[in-house]
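Data first, discussion second: the structure below is written as C-alpha cells.
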Amino acid sequence: MESSPGALLGEFFARSPDLLFIASADGALLHGSGGLREALGPGADSGTPLADLAHPDDRAALSAAWSALLGSDEPVSFSVRLRDGGGSYRRLTCSARRSSDRSAVLGSLRAEPAAAAVEPAVDKEELKTLRLKARILDGIAEHVDPMTIWALDRDGIYVYHQGKAVAKAGLKPGQHVGHSLLDLYGASMDAAELRKWYDGQVRHGRGEAHGADWDNWLIPLRSEPGGRVDGVLGVSLDVSESRLVEKELRIQLDQIAAQQKVIRDLSTPIIEVWDGVLTLPLVGTVDSMRTAEVMDSLLQQIVEKRASFAILDLTGVEVVDTKVASHLIELITAIRLLGADGIVAGIKPTVAQTMVALGLDLSQLNTQRNLRAALNYAIRTMTRAQGAALAANPAPGKTRAL
C-alpha cells in the first residue's frame with residue numbers, strides 16, 4: 001500500500017538530515033527536521049523562540065534580519081550563532097522566506113563554510129561519542145524529575161539551562177541562557193562568592209529560590225584534563241516535598257516525645273500527703289531512664305516544698321535491674337544531703353534480693369513494710385521533733401516544773 005503524499009512529506013521532514021524548520025511570524029519554532037533536533041537538542045522543541053537560542057550578542061542582528069524577512073517576499077539570508085544540544089554556540093547561515101499565506105516562515109540552516117574550514121578535524125568515533133553524551137544529557141534533563149541542569153561559562157553567563165524542574169520553578173527551558181547569574185541572583189550572592197565556584201572544588205549545598213528548596217551540586221568544567229576551570233556545571237534537585245515530609249515527621253516526633261513525657265509524669269506522680277511529707281509511688285517496670293527522671297523531679301520538689309521526708313513506695317514494682325537498685329540507693333543519699341529523710345516502703349521479695357545481691361551497704365537505708373507504716377513513721381518523727389523543740393524553747397510567761 002502506497003503512502004499518501006502528505007505522509008511521505010511528513011516522513012521526509014522528520015528524517016531529513018538537513019537543518020530545516022518552520023517558524024511562526026513572531027519567530028517561534030513550529031516544526032523542526034530530524035537533523036535540526038539532533039543539532040540543537042531540546043532547543044528545537046516546538047514553541048521555542050529562535051531568539052532564545054541565539055547568542056546574546058547576535059540577538060539584535062537576528063531581530064533586524066527577521067523584520068526584513070517579514071517585510072519581503074524574497075528569500076533572505078543572514079548569519080547567526082545558535083546554541084546546540086551541548087550548550088555551545090555554532091555559527092550558521094539561515095536562509096528563509098515567508099510562506100505563501102504569509103502566516104509562517106520556511107527556512108534552513110547550514111554551517112558557514114569559513115567556520116567549517118577552520119574547525120579541526122574530528123574523528124568519527126569521537127564525534128559519535130560526543131553525540132551520545134549530548135543525547136544522554138538531554139535525556140536526563142528531559143525525563144529526570146525534579147531536576148534542573150545548568151552550566152555557566154568562565155564569566156558566569158548561563159550557556160545551558162534545562163530540566164523538568166525548570167517549569168516547576170515558573171521558568172521556560174533555556175530561559176536563563178545568555179544571562180548573568182549575578183544579574184539574576186545577585187541579591188543572594190556576590191562576585192566573590194561566584195569566583196569560589198571556579199577554584200576546582202566540587203561543592204554541595206542547599207538553598208531556596210523560586211519558592212522551592214534545592215539541593216545543589218557545583219562541578220568545575222575544564223576544556224582539557226588538568227587545565228584551567230573555564231565553566232561550572234550545576235545540578236539542582238527540587239527537595240521541597242521531601243523537606244516538607246521531614247518537617248512533618250519532626251513535628252510528629254516532637255509530639256510523641258511530649259506525649260511520652262506526660263505519660264512518664266503521670267506514671268510517677270509526686271504527692272504531698274502531709275505537711276513536709278512527699279510520697280512517690282512507683283508502678284510497673286522501673287528502668288534506668290525512668291529512675292533518673294524520678295531523681296531529678298523528686299529532689300526539685302524536696303527543695304521547693306521544704307519537705308522533711310520523701311517516701312519511695314515500691315509496692316507496685318515487681319522487678320528492677322541492678323542499675324536501678326544502685327540509683328535508688330544514690331537517690332536516698334541525695335535526699336539526705338538536702339536535709340530530708342528518705343524512706344523506702346513496700347519492697348517486694350524479688351526487689352529485695354536484687355538489692356542484696358549488689359553487695360551495697362544497706363545499713364543506712366530506712367525501710368518500712370508499706371506506705372502506711374512509712375507515713376506513721378514520718379508523722380511520729382516530726383511530732384517528737386516538734387515536742388522537743390517546744391520543750392527546749394517554752395513560751396514566755398510559763399516556767400518549767402521542778
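Chain labels A, B, ... are given in the sequence in which chains occur in the C-alpha cells; within each chain residues are numbered consecutively from 1, and ligands are likewise numbered from 1 in the order shown.
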
Who sits within 12 Å of Leu280 (chain A), only C-alpha atoms, same chain under 6 positions skipped, as a PyMOL selection string
chain A and resi 265-273+291+294-295+297-299+301-302+309-316+342-346+371+374

Find the residue from A:Leu82, A:Ala209, A:Leu36, A:Ala134 that sits nearest to Val166 (chain A); use only C-alpha atoms when measuring.
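Ranking A:Leu82, A:Ala209, A:Leu36, A:Ala134 by distance to Val166 (chain A), first place goes to A:Ala209.
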
Among listed residues A:Ala61, A:Val177, A:Leu40, A:Leu137, nearest Gly163 (chain A) (using only C-alpha atoms):
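Looking at the shortest contact to Gly163 (chain A), the residue is A:Leu137.
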
Sorted by chain and rising residue number, list the residues of region 221-292 of chain A at most 12 Å from region 329-339 of chain A (counting only C-alpha atoms), each with its closest atom pair and distance in Å to one decimal, as a tab-separated table.
residue	atom	partner	partner_atom	distance
A:Gly276	CA	A:Gly339	CA	11.9
A:Leu278	CA	A:Ile335	CA	11.5
A:Thr291	CA	A:Leu331	CA	9.1
A:Ala292	CA	A:Leu331	CA	9.1

For the structure I just gave you, how does DSSP split region 42-167 of chain A - specifically, which residues are strand (DSSP E or B)? Reply as a compact mmCIF listing (two decimals) with all heavy atoms, in the first residue's frame.
# COMPACT_ATOMS: atom_id res chain seq x y z
N PRO A 49 11.37 30.16 20.89
CA PRO A 49 11.73 31.28 20.02
C PRO A 49 13.18 31.16 19.56
O PRO A 49 14.06 30.79 20.35
CB PRO A 49 11.54 32.51 20.92
CG PRO A 49 10.67 32.06 22.05
CD PRO A 49 11.01 30.61 22.26
N ALA A 54 19.68 32.10 20.14
CA ALA A 54 20.75 32.92 19.56
C ALA A 54 21.70 33.41 20.64
O ALA A 54 21.32 33.59 21.81
CB ALA A 54 20.15 34.11 18.81
N VAL A 76 15.64 35.57 2.22
CA VAL A 76 16.59 36.40 2.96
C VAL A 76 17.59 35.46 3.65
O VAL A 76 17.20 34.44 4.23
CB VAL A 76 15.88 37.28 4.01
CG1 VAL A 76 16.90 38.01 4.87
CG2 VAL A 76 14.95 38.26 3.33
N SER A 77 18.86 35.81 3.57
CA SER A 77 19.91 35.02 4.24
C SER A 77 20.64 35.90 5.24
O SER A 77 20.89 37.08 4.99
CB SER A 77 20.91 34.46 3.21
OG SER A 77 20.28 33.55 2.34
N PHE A 78 21.00 35.31 6.36
CA PHE A 78 21.75 36.04 7.39
C PHE A 78 22.51 35.04 8.24
O PHE A 78 22.20 33.84 8.26
CB PHE A 78 20.82 36.91 8.25
CG PHE A 78 19.70 36.16 8.88
CD1 PHE A 78 19.84 35.54 10.12
CD2 PHE A 78 18.46 36.05 8.23
CE1 PHE A 78 18.81 34.84 10.71
CE2 PHE A 78 17.41 35.35 8.81
CZ PHE A 78 17.58 34.75 10.06
N SER A 79 23.51 35.55 8.95
CA SER A 79 24.36 34.71 9.79
C SER A 79 23.97 34.90 11.25
O SER A 79 23.69 36.02 11.69
CB SER A 79 25.84 35.07 9.58
OG SER A 79 26.66 34.32 10.46
N VAL A 80 23.98 33.81 12.00
CA VAL A 80 23.62 33.88 13.41
C VAL A 80 24.28 32.72 14.15
O VAL A 80 24.48 31.64 13.60
CB VAL A 80 22.08 33.83 13.59
CG1 VAL A 80 21.51 32.50 13.09
CG2 VAL A 80 21.69 34.07 15.04
N ARG A 81 24.62 32.95 15.40
CA ARG A 81 25.16 31.90 16.25
C ARG A 81 24.03 31.34 17.12
O ARG A 81 23.39 32.08 17.88
CB ARG A 81 26.28 32.44 17.15
CG ARG A 81 27.59 32.70 16.42
CD ARG A 81 28.61 33.35 17.34
NE ARG A 81 28.22 34.73 17.66
CZ ARG A 81 28.91 35.53 18.49
NH1 ARG A 81 30.01 35.07 19.07
NH2 ARG A 81 28.49 36.75 18.73
N LEU A 82 23.80 30.02 16.99
CA LEU A 82 22.74 29.36 17.74
C LEU A 82 23.33 28.32 18.69
O LEU A 82 24.36 27.70 18.39
CB LEU A 82 21.74 28.67 16.80
CG LEU A 82 20.96 29.58 15.85
CD1 LEU A 82 20.01 28.75 14.99
CD2 LEU A 82 20.17 30.64 16.61
N ARG A 83 22.68 28.15 19.82
CA ARG A 83 23.14 27.20 20.83
C ARG A 83 22.76 25.79 20.42
O ARG A 83 21.60 25.50 20.10
CB ARG A 83 22.52 27.53 22.19
CG ARG A 83 23.08 26.71 23.36
CD ARG A 83 22.45 27.10 24.69
NE ARG A 83 21.04 26.73 24.74
CZ ARG A 83 20.05 27.59 24.66
NH1 ARG A 83 20.29 28.88 24.49
NH2 ARG A 83 18.79 27.17 24.74
N TYR A 89 27.79 27.41 21.14
CA TYR A 89 27.20 28.20 20.06
C TYR A 89 27.89 27.87 18.73
O TYR A 89 29.12 27.79 18.66
CB TYR A 89 27.32 29.70 20.35
CG TYR A 89 26.37 30.17 21.44
CD1 TYR A 89 26.79 30.27 22.76
CD2 TYR A 89 25.05 30.47 21.14
CE1 TYR A 89 25.92 30.69 23.76
CE2 TYR A 89 24.16 30.89 22.12
CZ TYR A 89 24.61 31.00 23.42
OH TYR A 89 23.74 31.40 24.40
N ARG A 90 27.07 27.66 17.69
CA ARG A 90 27.57 27.36 16.34
C ARG A 90 27.13 28.48 15.40
O ARG A 90 25.99 28.90 15.43
CB ARG A 90 27.01 26.03 15.85
CG ARG A 90 27.38 24.84 16.71
CD ARG A 90 26.61 23.59 16.29
NE ARG A 90 26.83 23.26 14.89
CZ ARG A 90 26.22 22.25 14.27
NH1 ARG A 90 25.36 21.49 14.93
NH2 ARG A 90 26.46 22.00 13.00
N ARG A 91 28.08 28.96 14.58
CA ARG A 91 27.72 29.99 13.61
C ARG A 91 27.11 29.32 12.38
O ARG A 91 27.72 28.46 11.75
CB ARG A 91 28.94 30.82 13.22
CG ARG A 91 28.60 31.96 12.24
CD ARG A 91 29.75 32.91 12.09
NE ARG A 91 30.02 33.64 13.31
CZ ARG A 91 29.32 34.70 13.72
NH1 ARG A 91 28.28 35.14 12.99
NH2 ARG A 91 29.64 35.32 14.82
N LEU A 92 25.89 29.71 12.08
CA LEU A 92 25.14 29.11 10.99
C LEU A 92 24.62 30.19 10.04
O LEU A 92 24.42 31.34 10.45
CB LEU A 92 23.94 28.31 11.53
CG LEU A 92 24.26 27.19 12.54
CD1 LEU A 92 22.98 26.68 13.17
CD2 LEU A 92 25.01 26.06 11.86
N THR A 93 24.41 29.80 8.81
CA THR A 93 23.76 30.68 7.84
C THR A 93 22.30 30.26 7.71
O THR A 93 22.01 29.08 7.46
CB THR A 93 24.45 30.60 6.47
OG1 THR A 93 25.78 31.06 6.59
CG2 THR A 93 23.71 31.46 5.45
N CYS A 94 21.42 31.21 7.90
CA CYS A 94 19.99 30.94 7.81
C CYS A 94 19.45 31.49 6.49
O CYS A 94 19.67 32.66 6.16
CB CYS A 94 19.25 31.57 8.99
SG CYS A 94 17.46 31.36 8.92
N SER A 95 18.77 30.64 5.72
CA SER A 95 18.09 31.07 4.50
C SER A 95 16.61 30.80 4.70
O SER A 95 16.21 29.67 5.00
CB SER A 95 18.61 30.29 3.28
OG SER A 95 19.98 30.55 3.08
N ALA A 96 15.77 31.85 4.54
CA ALA A 96 14.36 31.70 4.85
C ALA A 96 13.52 32.66 3.99
O ALA A 96 14.03 33.65 3.45
CB ALA A 96 14.10 31.96 6.33
N ARG A 97 12.24 32.34 3.89
CA ARG A 97 11.30 33.23 3.22
C ARG A 97 9.90 33.00 3.79
O ARG A 97 9.62 31.97 4.40
CB ARG A 97 11.31 33.00 1.71
CG ARG A 97 10.71 31.68 1.25
CD ARG A 97 10.76 31.53 -0.26
NE ARG A 97 10.09 32.64 -0.92
CZ ARG A 97 10.13 32.86 -2.24
NH1 ARG A 97 10.85 32.04 -3.01
NH2 ARG A 97 9.50 33.87 -2.78
N ARG A 98 9.00 33.95 3.55
CA ARG A 98 7.63 33.85 4.03
C ARG A 98 6.89 32.76 3.26
O ARG A 98 7.16 32.49 2.09
CB ARG A 98 6.89 35.18 3.84
CG ARG A 98 7.48 36.35 4.63
CD ARG A 98 7.25 36.20 6.13
NE ARG A 98 5.84 36.23 6.47
CZ ARG A 98 5.14 37.35 6.72
NH1 ARG A 98 5.75 38.53 6.63
NH2 ARG A 98 3.87 37.30 7.07
N ALA A 104 3.61 32.00 8.11
CA ALA A 104 4.74 31.29 8.68
C ALA A 104 6.00 31.63 7.89
O ALA A 104 5.96 32.29 6.85
CB ALA A 104 4.50 29.78 8.67
N VAL A 105 7.13 31.15 8.42
CA VAL A 105 8.43 31.33 7.77
C VAL A 105 9.03 29.96 7.55
O VAL A 105 9.08 29.13 8.48
CB VAL A 105 9.37 32.20 8.62
CG1 VAL A 105 10.76 32.24 8.01
CG2 VAL A 105 8.80 33.61 8.77
N LEU A 106 9.49 29.68 6.31
CA LEU A 106 10.12 28.41 5.96
C LEU A 106 11.60 28.64 5.80
O LEU A 106 12.02 29.55 5.08
CB LEU A 106 9.52 27.87 4.66
CG LEU A 106 7.99 27.90 4.54
CD1 LEU A 106 7.54 27.42 3.17
CD2 LEU A 106 7.35 27.07 5.64
N GLY A 107 12.42 27.84 6.44
CA GLY A 107 13.85 28.13 6.37
C GLY A 107 14.72 26.91 6.57
O GLY A 107 14.25 25.81 6.90
N SER A 108 16.00 27.13 6.35
CA SER A 108 17.01 26.09 6.57
C SER A 108 18.25 26.72 7.16
O SER A 108 18.49 27.92 7.01
CB SER A 108 17.36 25.40 5.24
OG SER A 108 17.99 26.32 4.36
N LEU A 109 19.05 25.90 7.83
CA LEU A 109 20.30 26.35 8.45
C LEU A 109 21.43 25.47 7.94
O LEU A 109 21.24 24.27 7.71
CB LEU A 109 20.21 26.24 9.98
CG LEU A 109 19.14 27.09 10.69
CD1 LEU A 109 18.98 26.64 12.13
CD2 LEU A 109 19.49 28.56 10.63
N ARG A 110 22.60 26.07 7.81
CA ARG A 110 23.77 25.28 7.44
C ARG A 110 25.01 25.96 8.01
O ARG A 110 25.02 27.18 8.23
CB ARG A 110 23.90 25.16 5.91
CG ARG A 110 24.14 26.46 5.19
CD ARG A 110 24.22 26.23 3.67
NE ARG A 110 24.53 27.47 2.97
CZ ARG A 110 23.65 28.39 2.64
NH1 ARG A 110 22.36 28.22 2.95
NH2 ARG A 110 24.01 29.50 2.00
N ALA A 111 26.03 25.15 8.28
CA ALA A 111 27.27 25.68 8.83
C ALA A 111 27.94 26.58 7.80
O ALA A 111 27.96 26.26 6.60
CB ALA A 111 28.20 24.55 9.23
N MET A 147 14.54 17.77 38.50
CA MET A 147 15.93 18.17 38.38
C MET A 147 16.09 19.29 37.36
O MET A 147 15.36 19.36 36.37
CB MET A 147 16.79 16.97 37.97
CG MET A 147 18.27 17.28 37.79
SD MET A 147 19.19 15.85 37.15
CE MET A 147 19.08 14.75 38.55
N THR A 148 17.05 20.17 37.63
CA THR A 148 17.45 21.20 36.67
C THR A 148 18.95 21.07 36.45
O THR A 148 19.72 20.96 37.42
CB THR A 148 17.13 22.61 37.19
OG1 THR A 148 15.72 22.76 37.34
CG2 THR A 148 17.64 23.67 36.22
N ILE A 149 19.36 21.06 35.18
CA ILE A 149 20.79 21.02 34.84
C ILE A 149 21.13 22.34 34.16
O ILE A 149 20.42 22.77 33.25
CB ILE A 149 21.11 19.84 33.91
CG1 ILE A 149 20.71 18.52 34.57
CG2 ILE A 149 22.60 19.82 33.54
CD1 ILE A 149 20.89 17.32 33.67
N TRP A 150 22.19 22.97 34.65
CA TRP A 150 22.57 24.26 34.08
C TRP A 150 24.09 24.37 34.07
O TRP A 150 24.80 23.62 34.74
CB TRP A 150 21.96 25.41 34.89
CG TRP A 150 22.12 25.27 36.39
CD1 TRP A 150 21.31 24.57 37.23
CD2 TRP A 150 23.16 25.83 37.21
NE1 TRP A 150 21.77 24.66 38.54
CE2 TRP A 150 22.89 25.43 38.55
CE3 TRP A 150 24.27 26.63 36.96
CZ2 TRP A 150 23.70 25.80 39.61
CZ3 TRP A 150 25.07 27.01 38.02
CH2 TRP A 150 24.78 26.60 39.32
N ALA A 151 24.59 25.28 33.24
CA ALA A 151 26.04 25.46 33.13
C ALA A 151 26.35 26.94 32.91
O ALA A 151 25.57 27.67 32.29
CB ALA A 151 26.59 24.62 31.98
N LEU A 152 27.51 27.34 33.45
CA LEU A 152 27.99 28.71 33.30
C LEU A 152 29.32 28.71 32.55
O LEU A 152 30.11 27.76 32.67
CB LEU A 152 28.22 29.36 34.68
CG LEU A 152 27.06 29.36 35.68
CD1 LEU A 152 27.51 29.93 37.01
CD2 LEU A 152 25.88 30.16 35.14
N ASP A 153 29.56 29.77 31.77
CA ASP A 153 30.88 29.90 31.16
C ASP A 153 31.83 30.58 32.15
O ASP A 153 31.48 30.79 33.33
CB ASP A 153 30.79 30.67 29.83
CG ASP A 153 30.33 32.12 30.01
OD1 ASP A 153 30.28 32.61 31.18
OD2 ASP A 153 30.01 32.76 29.00
N ILE A 157 28.08 33.40 32.80
CA ILE A 157 26.92 33.52 31.92
C ILE A 157 26.34 32.13 31.67
O ILE A 157 27.07 31.18 31.39
CB ILE A 157 27.30 34.18 30.57
CG1 ILE A 157 27.99 35.53 30.82
CG2 ILE A 157 26.06 34.36 29.70
CD1 ILE A 157 27.14 36.55 31.51
N TYR A 158 25.02 32.01 31.77
CA TYR A 158 24.38 30.73 31.52
C TYR A 158 24.55 30.32 30.05
O TYR A 158 24.26 31.10 29.14
CB TYR A 158 22.88 30.81 31.82
CG TYR A 158 22.52 30.69 33.28
CD1 TYR A 158 22.38 31.81 34.08
CD2 TYR A 158 22.30 29.45 33.86
CE1 TYR A 158 22.05 31.72 35.41
CE2 TYR A 158 21.96 29.33 35.19
CZ TYR A 158 21.83 30.48 35.97
OH TYR A 158 21.50 30.37 37.29
N VAL A 159 25.03 29.10 29.82
CA VAL A 159 25.13 28.55 28.47
C VAL A 159 24.24 27.32 28.32
O VAL A 159 24.09 26.80 27.21
CB VAL A 159 26.59 28.19 28.13
CG1 VAL A 159 27.46 29.44 28.09
CG2 VAL A 159 27.17 27.18 29.13
N TYR A 160 23.66 26.86 29.42
CA TYR A 160 22.76 25.70 29.38
C TYR A 160 21.80 25.82 30.54
O TYR A 160 22.20 26.18 31.67
CB TYR A 160 23.55 24.40 29.47
CG TYR A 160 22.74 23.15 29.20
CD1 TYR A 160 22.58 22.68 27.90
CD2 TYR A 160 22.13 22.44 30.24
CE1 TYR A 160 21.83 21.53 27.64
CE2 TYR A 160 21.39 21.29 29.98
CZ TYR A 160 21.25 20.85 28.69
OH TYR A 160 20.50 19.72 28.42
N HIS A 161 20.52 25.51 30.30
CA HIS A 161 19.52 25.63 31.36
C HIS A 161 18.31 24.79 30.97
O HIS A 161 17.41 25.26 30.27
CB HIS A 161 19.13 27.11 31.56
CG HIS A 161 18.16 27.32 32.68
ND1 HIS A 161 17.02 28.08 32.55
CD2 HIS A 161 18.18 26.87 33.96
CE1 HIS A 161 16.37 28.09 33.70
NE2 HIS A 161 17.06 27.37 34.58
N GLN A 162 18.30 23.52 31.39
CA GLN A 162 17.25 22.59 31.00
C GLN A 162 16.87 21.74 32.21
O GLN A 162 17.56 21.70 33.23
CB GLN A 162 17.73 21.67 29.86
CG GLN A 162 18.12 22.39 28.59
CD GLN A 162 16.94 22.98 27.85
OE1 GLN A 162 15.80 22.53 28.03
NE2 GLN A 162 17.18 23.99 27.02

Quick one: everything within 10 Å of His143 (chain A), counting only C-alpha atoms, minus sequence neighbours fewer than 3 positions away in the same chain. Send it as an MDAnalysis selection string.
chainID A and resid 138:140 146:147 163:165

Looking at only C-alpha atoms, which of A:Gly170, A:Leu130, A:Gly207, A:Thr322 is the one that sits closest to Ser188 (chain A)?
A:Gly207
